[in-house]
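J.: Next comes the structure file run-v2.csv, holding CSV, C-alpha atoms.
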chain,number,residue,atom,x,y,z
A,1,MET,CA,0.0,0.0,0.0
A,2,ILE,CA,1.3,3.4,-1.0
A,3,ARG,CA,0.6,6.1,1.7
A,4,GLY,CA,-0.1,9.6,0.6
A,5,SER,CA,3.1,11.2,2.0
A,6,THR,CA,5.3,8.6,0.3
A,7,CYS,CA,3.5,8.7,-3.0
A,8,ASN,CA,3.7,12.5,-3.2
A,9,ASN,CA,7.5,12.5,-2.6
A,10,ASN,CA,8.3,9.7,-5.1
A,11,PRO,CA,7.6,10.5,-8.8
A,12,VAL,CA,7.6,6.9,-9.9
A,13,ARG,CA,5.1,5.8,-7.2
A,14,ARG,CA,3.0,8.9,-7.9
A,15,PHE,CA,2.9,8.0,-11.6
A,16,CYS,CA,2.0,4.3,-10.9
A,17,HIS,CA,-0.8,5.5,-8.5
A,18,SER,CA,-2.2,7.8,-11.2
A,19,LEU,CA,-1.9,5.2,-13.9
A,20,SER,CA,-3.7,2.6,-11.7
A,21,PHE,CA,-6.6,5.0,-11.1
A,22,PHE,CA,-6.8,5.9,-14.8
A,23,LEU,CA,-6.9,2.2,-15.9
A,24,SER,CA,-9.6,1.3,-13.4
A,25,THR,CA,-11.7,4.3,-14.5
A,26,ARG,CA,-11.3,3.5,-18.1
A,27,ARG,CA,-12.4,-0.1,-17.5
A,28,MET,CA,-15.5,1.1,-15.8
A,29,LEU,CA,-16.4,3.5,-18.6
A,30,ALA,CA,-15.7,0.9,-21.2
A,31,GLU,CA,-18.6,-1.2,-19.8
A,32,ARG,CA,-21.0,1.7,-20.4
A,33,ASN,CA,-22.5,3.1,-23.6
A,34,PRO,CA,-19.8,5.3,-25.3
A,35,THR,CA,-22.3,8.2,-25.7
A,36,THR,CA,-23.2,8.0,-22.0
A,37,SER,CA,-19.5,7.8,-21.0
A,38,SER,CA,-18.8,11.0,-23.1
A,39,VAL,CA,-21.6,12.9,-21.4
A,40,MET,CA,-20.5,11.7,-18.0
A,41,LEU,CA,-16.9,13.0,-18.6
A,42,LYS,CA,-18.2,16.3,-19.9
A,43,GLN,CA,-20.4,16.7,-16.8
A,44,PHE,CA,-17.5,15.8,-14.6
A,45,PHE,CA,-15.1,18.4,-16.1
A,46,SER,CA,-17.8,21.1,-16.2
A,47,THR,CA,-18.5,20.5,-12.5
A,48,THR,CA,-14.9,20.3,-11.3
A,49,ARG,CA,-14.0,23.5,-13.0
A,50,SER,CA,-17.0,25.6,-11.9
A,51,ASP,CA,-15.0,27.4,-9.3
A,52,PHE,CA,-12.3,28.6,-11.7
A,53,PRO,CA,-12.5,32.0,-13.5
A,54,GLN,CA,-13.9,31.9,-17.1
A,55,GLY,CA,-11.1,31.2,-19.5
A,56,SER,CA,-8.9,29.4,-17.0
A,57,TYR,CA,-9.0,25.7,-16.3
A,58,ASP,CA,-7.0,23.6,-13.9
A,59,THR,CA,-4.8,20.9,-15.5
A,60,GLY,CA,-3.2,19.6,-12.3
A,61,ILE,CA,0.5,19.2,-13.0
A,62,ASN,CA,0.4,21.8,-15.8
A,63,GLY,CA,-1.3,24.5,-13.8
A,64,LEU,CA,-3.9,26.5,-15.6
A,65,ILE,CA,-5.1,26.5,-19.3
A,66,SER,CA,-6.0,29.9,-20.5
A,67,GLY,CA,-7.4,31.3,-23.8
A,68,THR,CA,-10.6,31.6,-25.7
A,69,ILE,CA,-11.5,27.9,-26.3
A,70,ALA,CA,-14.3,27.0,-23.8
A,71,VAL,CA,-14.7,23.8,-21.9
A,72,ASN,CA,-16.3,21.1,-24.1
A,73,GLY,CA,-15.5,23.3,-27.2
A,74,ALA,CA,-18.7,25.2,-26.8
A,75,ASP,CA,-19.3,27.7,-29.7
A,76,LEU,CA,-15.9,26.9,-31.1
A,77,THR,CA,-14.7,29.2,-33.9
A,78,ILE,CA,-11.7,29.6,-36.1
A,79,ASP,CA,-8.7,31.5,-34.5
A,80,GLN,CA,-9.7,30.6,-31.0
A,81,PHE,CA,-6.8,29.4,-28.9
A,82,ALA,CA,-5.7,27.8,-25.7
A,83,GLU,CA,-2.3,27.7,-24.0
A,84,VAL,CA,-0.7,26.2,-21.0
A,85,HIS,CA,2.5,27.0,-19.1
A,86,ARG,CA,4.9,24.3,-18.0
A,87,ILE,CA,8.3,23.7,-16.6
A,88,PHE,CA,9.8,20.2,-17.2
A,89,THR,CA,12.0,19.3,-14.3
A,90,PRO,CA,15.0,17.0,-14.5
A,91,GLU,CA,12.9,14.4,-12.6
A,92,ASP,CA,10.2,14.7,-15.3
A,93,VAL,CA,12.7,14.1,-18.1
A,94,SER,CA,14.4,11.2,-16.3
A,95,LEU,CA,11.1,9.5,-15.5
A,96,TYR,CA,10.0,9.9,-19.1
A,97,ALA,CA,13.3,8.4,-20.4
A,98,THR,CA,12.8,5.4,-18.0
A,99,LEU,CA,9.2,4.9,-19.1
A,100,ILE,CA,10.0,4.8,-22.8
A,101,GLY,CA,13.4,3.1,-22.5
A,102,ASP,CA,15.4,6.1,-24.0
A,103,ASP,CA,19.0,6.0,-22.8
A,104,ASN,CA,20.2,8.8,-25.0
A,105,PRO,CA,22.8,10.8,-22.9
A,106,ILE,CA,21.5,14.1,-24.2
A,107,HIS,CA,18.6,13.7,-21.8
A,108,ARG,CA,20.8,13.3,-18.7
A,109,SER,CA,21.2,16.3,-16.5
A,110,SER,CA,24.9,15.5,-15.9
A,111,LEU,CA,25.9,15.7,-19.6
A,112,LYS,CA,28.1,18.4,-21.0
A,113,ASN,CA,26.4,18.8,-24.3
A,114,GLU,CA,29.1,18.6,-26.9
A,115,THR,CA,26.5,18.2,-29.6
A,116,LEU,CA,25.5,21.9,-29.1
A,117,HIS,CA,29.2,22.9,-28.6
A,118,SER,CA,28.5,24.0,-25.1
A,119,ASN,CA,30.5,23.4,-21.9
A,120,ALA,CA,27.5,23.8,-19.7
A,121,SER,CA,25.7,20.9,-18.2
A,122,GLN,CA,22.3,20.9,-20.0
A,123,GLN,CA,19.5,18.3,-20.1
A,124,ILE,CA,17.4,18.4,-23.2
A,125,VAL,CA,13.7,17.6,-22.8
A,126,HIS,CA,12.4,14.9,-25.1
A,127,GLY,CA,10.7,16.5,-28.1
A,128,MET,CA,7.7,14.1,-27.8
A,129,LEU,CA,7.4,14.9,-24.1
A,130,VAL,CA,7.2,18.6,-24.9
A,131,SER,CA,4.7,17.9,-27.7
A,132,SER,CA,2.4,16.1,-25.2
A,133,LEU,CA,1.3,19.6,-24.0
A,134,PHE,CA,-1.0,19.7,-27.1
A,135,SER,CA,-2.9,16.6,-26.2
A,136,SER,CA,-3.1,17.7,-22.6
A,137,ILE,CA,-4.9,20.9,-23.7
A,138,PHE,CA,-7.4,19.0,-25.9
A,139,GLY,CA,-8.0,16.3,-23.4
A,140,THR,CA,-8.6,18.7,-20.6
A,141,LEU,CA,-10.8,21.3,-22.3
A,142,ILE,CA,-12.8,18.8,-24.5
A,143,PRO,CA,-13.1,15.4,-22.8
A,144,GLY,CA,-13.8,12.6,-25.3
A,145,SER,CA,-11.8,14.3,-28.1
A,146,VAL,CA,-9.6,12.0,-30.2
A,147,TYR,CA,-6.3,12.7,-31.9
A,148,ARG,CA,-6.3,11.9,-35.6
A,149,SER,CA,-2.9,13.2,-36.6
A,150,GLN,CA,-0.1,15.5,-35.5
A,151,SER,CA,2.7,16.9,-37.5
A,152,VAL,CA,5.7,18.2,-35.6
A,153,SER,CA,8.9,20.0,-36.3
A,154,PHE,CA,11.5,20.6,-33.6
A,155,GLN,CA,13.2,24.0,-34.2
A,156,THR,CA,15.3,24.6,-31.1
A,157,PRO,CA,16.0,22.5,-28.0
A,158,ILE,CA,14.2,23.0,-24.7
A,159,TYR,CA,16.1,22.3,-21.5
A,160,SER,CA,14.9,21.1,-18.1
A,161,ASN,CA,13.8,23.9,-15.8
A,162,GLU,CA,13.0,26.2,-18.7
A,163,SER,CA,9.5,27.8,-18.7
A,164,VAL,CA,7.6,27.1,-21.9
A,165,ILE,CA,4.1,27.8,-23.3
A,166,GLY,CA,2.2,25.2,-25.3
A,167,ARG,CA,-0.4,26.7,-27.6
A,168,VAL,CA,-3.1,25.4,-29.9
A,169,GLN,CA,-5.1,27.6,-32.3
A,170,VAL,CA,-8.0,26.6,-34.4
A,171,LYS,CA,-7.3,26.7,-38.1
A,172,THR,CA,-10.1,24.9,-39.8
A,173,MET,CA,-13.3,23.1,-38.8
A,174,LYS,CA,-15.3,20.4,-40.7
A,175,SER,CA,-18.6,18.9,-39.5
A,176,LEU,CA,-19.0,15.2,-40.1
A,177,LYS,CA,-22.3,13.6,-41.3
A,178,SER,CA,-22.0,10.8,-38.8
A,179,ARG,CA,-21.1,12.6,-35.6
A,180,GLY,CA,-18.9,15.4,-34.3
A,181,MET,CA,-16.3,17.4,-36.3
A,182,LEU,CA,-12.7,17.4,-37.4
A,183,VAL,CA,-10.7,20.4,-36.2
A,184,THR,CA,-7.3,21.3,-37.5
A,185,CYS,CA,-5.2,23.4,-35.1
A,186,LEU,CA,-1.8,25.1,-35.3
A,187,THR,CA,0.4,23.8,-32.5
A,188,ASN,CA,3.4,25.6,-31.1
A,189,VAL,CA,5.6,25.6,-28.1
A,190,TYR,CA,7.5,28.8,-27.1
A,191,LYS,CA,10.0,29.6,-24.4
A,192,ASN,CA,8.3,31.8,-21.9
A,193,ASN,CA,10.1,35.1,-21.7
A,194,GLY,CA,7.3,37.0,-20.1
A,195,GLU,CA,5.4,37.9,-23.3
A,196,GLU,CA,1.6,38.3,-23.2
A,197,ALA,CA,-0.5,36.0,-25.2
A,198,VAL,CA,-1.2,38.6,-27.9
A,199,ASP,CA,2.5,39.0,-28.5
A,200,ILE,CA,3.0,35.2,-28.8
A,201,ALA,CA,0.2,35.0,-31.3
A,202,ASN,CA,2.0,37.5,-33.6
A,203,ARG,CA,5.4,35.8,-33.4
A,204,GLU,CA,7.0,34.3,-36.5
A,205,HIS,CA,7.2,30.5,-36.7
A,206,THR,CA,11.0,30.8,-36.5
A,207,SER,CA,10.7,31.8,-32.9
A,208,SER,CA,8.9,28.6,-31.9
A,209,CYS,CA,10.7,25.7,-30.3
A,210,VAL,CA,8.1,23.3,-31.7
A,211,THR,CA,5.7,23.8,-34.6
A,212,GLY,CA,3.1,21.7,-36.3
A,213,GLU,CA,-0.5,21.0,-36.9
A,214,ALA,CA,-3.0,18.6,-35.2
A,215,VAL,CA,-6.2,17.1,-36.5
A,216,VAL,CA,-8.6,16.3,-33.7
A,217,TRP,CA,-12.0,14.7,-33.7
A,218,LEU,CA,-14.4,16.5,-31.3
A,219,PRO,CA,-17.6,14.8,-30.1
Show me this structure written as structure tokens.
T.:
Amino acid sequence: MIRGSTCNNNPVRRFCHSLSFFLSTRRMLAERNPTTSSVMLKQFFSTTRSDFPQGSYDTGINGLISGTIAVNGADLTIDQFAEVHRIFTPEDVSLYATLIGDDNPIHRSSLKNETLHSNASQQIVHGMLVSSLFSSIFGTLIPGSVYRSQSVSFQTPIYSNESVIGRVQVKTMKSLKSRGMLVTCLTNVYKNNGEEAVDIANREHTSSCVTGEAVVWLP
């Protein structure tokens, strides 16, 4: 049995505890009608976020999601956006490397990064870990949404303990005859230098650390 204090201080045990809860919840929902499950999830997220200011939604480890995309994608329109701030710690990077079996030394905090011709000890965050900010935004704001595709281009490295902003912005929307819609979003990650959201929106793509597009099915 993992006690609360021990679990909170150990990232591996904390992850296992969260994973166990997720799997048990997914099994329970799988036994129900998919439509009913989607409604239940939407009700849950709407209820648990009722105490937060409009336009800001709690994501747990990521903090708050802000922007113009509403919970459940209500009244979604082109150019609406959502963004989340995050700092990936050395522990986050090490845990992710262990989970996926990536032993590349560039992701170790003790490495002197000769690849970047630097004498400083710098730990590069996995590109796919950084890109996971996009799915966390969709999954948090619009429960039941399903990723269909994601293009991604890594422009500049992100290091552990750097503050970054993950941002999605609606580009196109297509309603489906069967059910739901397909939404294409621009996806970008920027290093957080204190700029306001309006400034970030007007940046050139060359200033992004990660760029791409996501196609997501919305219920």
J.: Please measure the separation of CA of Leu186 in chain A and CA of Val93 in chain A, giving the value in Å to one decimal.
T.: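 Computed distance, CA of Leu186 in chain A to CA of Val93 in chain A, equals 25.0 Å.
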J.: What gap, in Å, lies between CA of Met128 in chain A and CA of Trp217 in chain A?
T.: 20.6 Å
J.: List every protein, DNA or RNA residue with an atom no more than 6 Å from (2.8, 27.3, -34.3) in the file's coordinates, counting all atoms listed in the file, and format the result as number ranges by chain.
T.: A: 186-188, 205, 211-212
J.: Using all atoms listed in the file, pick whichever of A:Leu99, A:Lys191, A:Tyr147, A:Leu218 has the shortest atom-to-atom distance to Arg179 in chain A.
T.: A:Leu218
J.: Report the distance between CA of Asp102 in chain A and CA of Val84 in chain A in Å, rounded to one decimal place.
T.: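 Going from CA of Asp102 in chain A over to CA of Val84 in chain A covers 25.9 Å.
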J.: Determine, counting all atoms listed in the file, every residue of protein, DNA or RNA that lies within 6 Å of (-11.1, 24.9, -39.2) in the file coordinates, then give the result as a list in words.
T.: Ile78, Val170, Lys171, Thr172, Met173, Val183 and Thr184 of chain A
J.: So, counting only C-alpha atoms, which residue among A:Ser160, A:Thr77, A:Ser132, A:Thr68 is closest to Val189 in chain A?
T.: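 Among the listed residues, the smallest separation from Val189 in chain A belongs to A:Ser132.
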J.: Between A:Gly73, A:Gly144, A:Pro219, A:Gly166, which has the minimum distance to Ser178 in chain A (counting all atoms listed in the file)?
T.: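 Of the candidates, the smallest distance to Ser178 in chain A is held by A:Pro219.
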J.: Using only C-alpha atoms, find the one residue out of A:Thr140, A:Gln169, A:Ser145, A:Ser208 that sits nearest to Leu64 in chain A.
T.: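 When distances to Leu64 in chain A are compared using only C-alpha atoms, the smallest one comes from A:Thr140.
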